[in-house]
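> What follows is input.cif, made up of mmCIF, C-alpha atoms:
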```cif
data_protein
loop_
_atom_site.label_atom_id
_atom_site.label_comp_id
_atom_site.auth_asym_id
_atom_site.auth_seq_id
_atom_site.Cartn_x
_atom_site.Cartn_y
_atom_site.Cartn_z
CA MET A 1 49.18 -108.56 -9.80
CA ARG A 2 45.77 -107.96 -11.43
CA GLU A 3 44.07 -109.65 -8.44
CA VAL A 4 45.77 -107.23 -6.03
CA ALA A 5 44.69 -104.27 -8.18
CA ALA A 6 41.09 -105.53 -8.25
CA ARG A 7 41.12 -105.91 -4.46
CA GLU A 8 42.50 -102.38 -4.12
CA THR A 9 39.87 -100.84 -6.37
CA GLY A 10 37.25 -102.93 -4.56
CA GLU A 11 38.34 -101.22 -1.35
CA LEU A 12 37.95 -97.78 -2.94
CA SER A 13 34.58 -98.75 -4.38
CA SER A 14 33.48 -99.95 -0.95
CA LEU A 15 34.58 -96.68 0.67
CA LEU A 16 32.63 -94.66 -1.90
CA GLU A 17 29.55 -96.87 -1.42
CA GLN A 18 29.78 -96.46 2.36
CA GLN A 19 30.04 -92.70 1.96
CA ALA A 20 27.03 -92.71 -0.37
CA GLU A 21 25.05 -94.72 2.20
CA LEU A 22 25.90 -92.27 5.00
CA VAL A 23 25.07 -89.30 2.77
CA SER A 24 21.72 -90.95 1.98
CA GLN A 25 21.08 -91.31 5.70
CA LEU A 26 22.08 -87.68 6.14
CA LEU A 27 19.62 -86.76 3.39
CA SER A 28 16.83 -88.57 5.27
CA VAL A 29 17.71 -86.67 8.43
CA ALA A 30 17.78 -83.38 6.50
CA ARG A 31 14.28 -84.11 5.15
CA GLU A 32 13.11 -84.89 8.68
CA LYS A 33 14.63 -81.57 9.73
CA THR A 34 12.60 -79.85 7.02
CA ARG A 35 9.44 -81.35 8.49
CA ALA A 36 10.51 -80.27 11.99
CA ILE A 37 11.22 -76.72 10.80
CA LEU A 38 7.82 -76.48 9.10
CA GLU A 39 6.12 -77.81 12.25
CA GLN A 40 8.26 -75.55 14.43
CA ASP A 41 9.26 -78.55 16.53
CA SER A 42 12.45 -77.40 18.25
CA GLY A 43 13.01 -80.77 19.92
CA ALA A 44 12.92 -82.57 16.57
CA ILE A 45 15.22 -79.92 15.08
CA GLN A 46 17.72 -80.55 17.87
CA GLU A 47 17.49 -84.32 17.40
CA ALA A 48 18.02 -83.95 13.65
CA THR A 49 21.00 -81.69 14.21
CA ALA A 50 22.57 -84.21 16.61
CA ALA A 51 21.99 -87.03 14.11
CA GLU A 52 23.50 -84.89 11.34
CA THR A 53 26.59 -84.33 13.46
CA ARG A 54 27.07 -88.07 14.03
CA LEU A 55 26.61 -88.85 10.34
CA VAL A 56 28.99 -86.09 9.24
CA GLN A 57 31.63 -87.47 11.62
CA GLY A 58 31.20 -90.90 10.00
CA ILE A 59 31.48 -89.39 6.53
CA GLN A 60 34.63 -87.54 7.57
CA ALA A 61 36.18 -90.76 8.90
CA LEU A 62 35.44 -92.51 5.60
CA GLU A 63 36.85 -89.55 3.69
CA GLU A 64 40.09 -89.80 5.66
CA ARG A 65 40.28 -93.50 4.78
CA ARG A 66 39.59 -92.69 1.12
CA LEU A 67 42.34 -90.07 1.07
CA GLN A 68 44.75 -92.57 2.63
CA TRP A 69 43.78 -95.12 -0.05
CA VAL A 70 44.39 -92.60 -2.82
CA ASP A 71 47.75 -91.66 -1.30
CA ARG A 72 48.84 -95.33 -1.02
CA TRP A 73 47.58 -96.06 -4.54
CA ALA A 74 49.46 -93.10 -6.03
CA LYS A 75 52.69 -93.87 -4.16
CA ALA A 76 52.58 -97.54 -5.19
CA ARG A 77 52.43 -96.48 -8.82
CA GLY A 78 54.77 -93.52 -8.60
CA PHE A 79 51.83 -91.41 -9.71
CA SER A 80 52.02 -87.73 -8.78
CA PRO A 81 50.10 -85.30 -10.96
CA GLU A 82 51.78 -81.94 -11.29
CA GLY A 83 50.27 -79.33 -8.97
CA ARG A 84 47.00 -81.13 -8.21
CA SER A 85 45.47 -83.97 -6.25
CA VAL A 86 44.87 -87.43 -7.66
CA THR A 87 41.37 -87.57 -9.14
CA LEU A 88 38.95 -90.39 -9.79
CA SER A 89 39.69 -89.93 -13.47
CA ASP A 90 43.34 -90.66 -12.72
CA VAL A 91 42.40 -93.90 -10.98
CA LEU A 92 39.92 -94.87 -13.70
CA SER A 93 42.60 -94.44 -16.35
CA GLN A 94 44.77 -97.03 -14.60
CA VAL A 95 42.23 -99.83 -13.98
CA THR A 96 40.35 -102.37 -16.08
CA ALA A 97 36.97 -101.57 -17.60
CA SER A 98 35.06 -103.67 -15.05
CA GLU A 99 36.91 -102.06 -12.14
CA ALA A 100 36.26 -98.65 -13.66
CA ALA A 101 32.54 -99.41 -14.03
CA SER A 102 32.28 -100.38 -10.36
CA LEU A 103 34.14 -97.26 -9.23
CA ARG A 104 32.15 -94.99 -11.53
CA SER A 105 28.86 -96.46 -10.27
CA ALA A 106 29.84 -95.88 -6.62
CA ALA A 107 31.08 -92.37 -7.37
CA ASP A 108 27.89 -91.51 -9.28
CA ALA A 109 25.73 -92.72 -6.38
CA LEU A 110 27.75 -90.56 -3.99
CA ALA A 111 27.57 -87.52 -6.27
CA GLY A 112 23.80 -87.90 -6.70
CA ALA A 113 23.19 -88.19 -2.97
CA LEU A 114 25.41 -85.16 -2.32
CA GLU A 115 23.51 -83.09 -4.90
CA GLU A 116 20.16 -83.97 -3.31
CA LEU A 117 21.54 -83.19 0.13
CA LEU A 118 22.78 -79.81 -1.07
CA GLN A 119 19.31 -78.95 -2.37
CA VAL A 120 17.57 -79.99 0.86
CA ASN A 121 20.12 -78.08 2.95
CA ARG A 122 19.54 -74.95 0.85
CA GLN A 123 15.79 -75.34 1.34
CA ASN A 124 16.26 -75.75 5.09
CA ALA A 125 18.52 -72.69 5.23
CA ASP A 126 15.88 -70.66 3.39
CA LEU A 127 13.13 -71.90 5.72
CA LEU A 128 15.18 -71.01 8.79
CA TYR A 129 16.09 -67.61 7.37
CA TYR A 130 12.47 -66.69 6.67
CA SER A 131 11.32 -68.11 9.98
CA LEU A 132 13.88 -66.01 11.84
CA ALA A 133 13.02 -62.93 9.79
CA HIS A 134 9.36 -63.42 10.66
CA VAL A 135 10.13 -63.76 14.37
CA GLN A 136 12.39 -60.69 14.21
CA ALA A 137 9.62 -58.66 12.55
CA LEU A 138 7.12 -59.75 15.21
CA LEU A 139 9.52 -58.89 18.01
CA GLY A 140 10.22 -55.54 16.39
CA ALA A 141 6.51 -54.82 16.13
CA LEU A 142 5.98 -55.78 19.77
CA ALA A 143 8.87 -53.57 20.88
CA GLY A 144 7.83 -50.66 18.69
CA ASP A 145 10.99 -50.84 16.59
CA PRO A 146 10.62 -48.04 14.03
CA ALA A 147 12.53 -50.06 11.44
CA SER A 148 9.96 -52.85 11.58
CA SER A 149 6.75 -50.86 11.96
CA GLY A 150 7.22 -48.30 9.21
CA VAL A 151 5.56 -45.66 11.43
CA TYR A 152 8.45 -43.27 11.80
CA SER A 153 10.36 -41.42 9.17
CA PRO A 154 14.07 -40.94 9.83
CA ALA A 155 13.47 -37.36 11.06
CA ALA A 156 10.52 -38.21 13.35
CA ARG A 157 10.78 -38.49 17.11
CA ARG A 158 9.01 -40.96 19.35
CA GLY A 159 6.67 -38.34 20.74
CA ASP A 160 5.42 -37.32 17.27
CA VAL A 161 3.24 -40.42 16.80
CA GLN A 162 0.91 -42.43 18.99
CA PRO A 163 2.41 -45.69 20.28
CA GLN A 164 1.95 -48.50 17.74
CA ALA A 165 3.59 -51.44 19.48
CA LEU A 166 1.63 -53.84 21.63
CA VAL A 167 4.17 -53.35 24.41
CA ASP A 168 3.63 -49.55 24.29
CA TRP A 169 -0.12 -50.02 24.61
CA ARG A 170 0.17 -52.26 27.63
CA VAL A 171 2.81 -50.36 29.57
#
```
The structure given in the file should be rewritten as structure tokens.

Amino acid sequence: MREVAARETGELSSLLEQQAELVSQLLSVAREKTRAILEQDSGAIQEATAAETRLVQGIQALEERRLQWVDRWAKARGFSPEGRSVTLSDVLSQVTASEAASLRSAADALAGALEELLQVNRQNADLLYYSLAHVQALLGALAGDPASSGVYSPAARRGDVQPQALVDWRV
């Protein structure tokens, strides 16, 4: 019986390790995307986004397998926590110390990789936001957008001020 339980927890540990590995790969791609954003390399950004999509699909497939494992594990033990999902703590409370150490190590690796990925994704989102804001401001200045140039007050009319936009000067 103990051998079966060890094999079962080994399967969960393996799933968590595989997820951590894919998240680490996703983290590498996210860092490459940061470089591409800073270099304004749209081709590299597209490649990184495609790679991210493939990796996320792999992570989702592993997550489905993990959820199935948890469901089988809980049903086999008649374990059903009231009003919540089965947690890692629930599993850890039912296994030996060595099995728990292996599971905890795999879960910690996954959590660490996810935390790093979250930070890099936030950084990339900020970079993209500021890049787009900069482009929008430039386009507004070229088009003579009063909101971007600061030339007009709300009560002013276009004819009250000399053209300020590059497009106005050239047309």
> Which residue gives the smallest distance to Val56 in chain A among A:Ala106, A:Leu26, A:Glu99, A:Gly112, with only C-alpha atoms counted?
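Answer, going by the shortest atom-to-atom distance: A:Leu26.
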> Taking only C-alpha atoms into account, which of A:Glu64, A:Asp108, A:Glu32, A:Asp90 comes nearest Asn124 in chain A?
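So, comparing all the options, the nearest one is A:Glu32.
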> Applied to this file, what does the PyMOL selection byres ((chain A and resi 74) around 12) return in terms of residues, put as a list in words?
Glu8, Leu67, Gln68, Trp69, Val70, Asp71, Arg72, Trp73, Lys75, Ala76, Arg77, Gly78, Phe79, Ser80, Pro81, Ser85, Val86, Thr87, Leu88, Asp90, Val91 and Gln94 of chain A
> Go ahead and save the picked residues with C-alpha atoms, as a PDB file, keeping the file's coordinate frame.

```
ATOM      1  CA  GLU A   8      42.500-102.380  -4.120  1.00  0.00           C
ATOM      2  CA  LEU A  67      42.340 -90.070   1.070  1.00  0.00           C
ATOM      3  CA  GLN A  68      44.750 -92.570   2.630  1.00  0.00           C
ATOM      4  CA  TRP A  69      43.780 -95.120  -0.050  1.00  0.00           C
ATOM      5  CA  VAL A  70      44.390 -92.600  -2.820  1.00  0.00           C
ATOM      6  CA  ASP A  71      47.750 -91.660  -1.300  1.00  0.00           C
ATOM      7  CA  ARG A  72      48.840 -95.330  -1.020  1.00  0.00           C
ATOM      8  CA  TRP A  73      47.580 -96.060  -4.540  1.00  0.00           C
ATOM      9  CA  LYS A  75      52.690 -93.870  -4.160  1.00  0.00           C
ATOM     10  CA  ALA A  76      52.580 -97.540  -5.190  1.00  0.00           C
ATOM     11  CA  ARG A  77      52.430 -96.480  -8.820  1.00  0.00           C
ATOM     12  CA  GLY A  78      54.770 -93.520  -8.600  1.00  0.00           C
ATOM     13  CA  PHE A  79      51.830 -91.410  -9.710  1.00  0.00           C
ATOM     14  CA  SER A  80      52.020 -87.730  -8.780  1.00  0.00           C
ATOM     15  CA  PRO A  81      50.100 -85.300 -10.960  1.00  0.00           C
ATOM     16  CA  SER A  85      45.470 -83.970  -6.250  1.00  0.00           C
ATOM     17  CA  VAL A  86      44.870 -87.430  -7.660  1.00  0.00           C
ATOM     18  CA  THR A  87      41.370 -87.570  -9.140  1.00  0.00           C
ATOM     19  CA  LEU A  88      38.950 -90.390  -9.790  1.00  0.00           C
ATOM     20  CA  ASP A  90      43.340 -90.660 -12.720  1.00  0.00           C
ATOM     21  CA  VAL A  91      42.400 -93.900 -10.980  1.00  0.00           C
ATOM     22  CA  GLN A  94      44.770 -97.030 -14.600  1.00  0.00           C
TER      23      GLN A  94
END
```
> Find the residue from A:Ala30, A:Ala20, A:Leu12, A:Val135 that sits nearest to Arg122 in chain A; use only C-alpha atoms when measuring.
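Using only C-alpha atoms, the shortest distance to Arg122 in chain A belongs to A:Ala30.
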> Distance CA of Leu16 in chain A-CA of Leu92 in chain A, one decimal place?
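It comes out at 13.9 Å.
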> Using CA of Leu118 in chain A and CA of Arg65 in chain A as the two end points, give the distance in Å to one decimal.
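Between these atoms lies a distance of 23.0 Å.
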> Rounded to one decimal in Å, what is the spacing between CA of Ile37 in chain A and CA of Ala133 in chain A?
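Going from CA of Ile37 in chain A over to CA of Ala133 in chain A, I get 13.9 Å.
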> Choose the residue, out of A:Leu38, A:Leu22, A:Leu110, A:Leu142, that has the smallest atom-to-atom separation from Gln123 in chain A; count only C-alpha atoms.
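Distance minimum relative to Gln123 in chain A lands on A:Leu38.
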> Please output range 23-36 of chain A, rebuilt to include N, CA and C atoms, as a JSON list (two decimals), keeping the file's coordinate frame.

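File written: part.json
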```json
[["chain", "number", "residue", "atom", "x", "y", "z"],
["A", 23, "VAL", "N", 25.65, -90.53, 3.32],
["A", 23, "VAL", "CA", 25.07, -89.30, 2.77],
["A", 23, "VAL", "C", 23.57, -89.49, 2.56],
["A", 24, "SER", "N", 23.16, -90.67, 2.13],
["A", 24, "SER", "CA", 21.72, -90.95, 1.98],
["A", 24, "SER", "C", 21.01, -90.88, 3.32],
["A", 25, "GLN", "N", 21.65, -91.42, 4.36],
["A", 25, "GLN", "CA", 21.08, -91.31, 5.70],
["A", 25, "GLN", "C", 21.01, -89.85, 6.14],
["A", 26, "LEU", "N", 22.05, -89.10, 5.83],
["A", 26, "LEU", "CA", 22.08, -87.68, 6.14],
["A", 26, "LEU", "C", 20.96, -86.95, 5.40],
["A", 27, "LEU", "N", 20.71, -87.34, 4.18],
["A", 27, "LEU", "CA", 19.62, -86.76, 3.39],
["A", 27, "LEU", "C", 18.28, -87.03, 4.06],
["A", 28, "SER", "N", 18.08, -88.24, 4.56],
["A", 28, "SER", "CA", 16.83, -88.57, 5.27],
["A", 28, "SER", "C", 16.67, -87.70, 6.51],
["A", 29, "VAL", "N", 17.75, -87.52, 7.24],
["A", 29, "VAL", "CA", 17.71, -86.67, 8.43],
["A", 29, "VAL", "C", 17.43, -85.22, 8.04],
["A", 30, "ALA", "N", 18.02, -84.76, 6.96],
["A", 30, "ALA", "CA", 17.78, -83.38, 6.50],
["A", 30, "ALA", "C", 16.31, -83.19, 6.12],
["A", 31, "ARG", "N", 15.72, -84.19, 5.50],
["A", 31, "ARG", "CA", 14.28, -84.11, 5.15],
["A", 31, "ARG", "C", 13.42, -84.12, 6.41],
["A", 32, "GLU", "N", 13.83, -84.89, 7.40],
["A", 32, "GLU", "CA", 13.11, -84.89, 8.68],
["A", 32, "GLU", "C", 13.25, -83.52, 9.34],
["A", 33, "LYS", "N", 14.41, -82.91, 9.19],
["A", 33, "LYS", "CA", 14.63, -81.57, 9.73],
["A", 33, "LYS", "C", 13.72, -80.56, 9.04],
["A", 34, "THR", "N", 13.51, -80.72, 7.73],
["A", 34, "THR", "CA", 12.60, -79.85, 7.02],
["A", 34, "THR", "C", 11.21, -79.92, 7.64],
["A", 35, "ARG", "N", 10.76, -81.16, 7.87],
["A", 35, "ARG", "CA", 9.44, -81.35, 8.49],
["A", 35, "ARG", "C", 9.40, -80.67, 9.87],
["A", 36, "ALA", "N", 10.46, -80.85, 10.65],
["A", 36, "ALA", "CA", 10.51, -80.27, 11.99],
["A", 36, "ALA", "C", 10.51, -78.74, 11.92]]
```
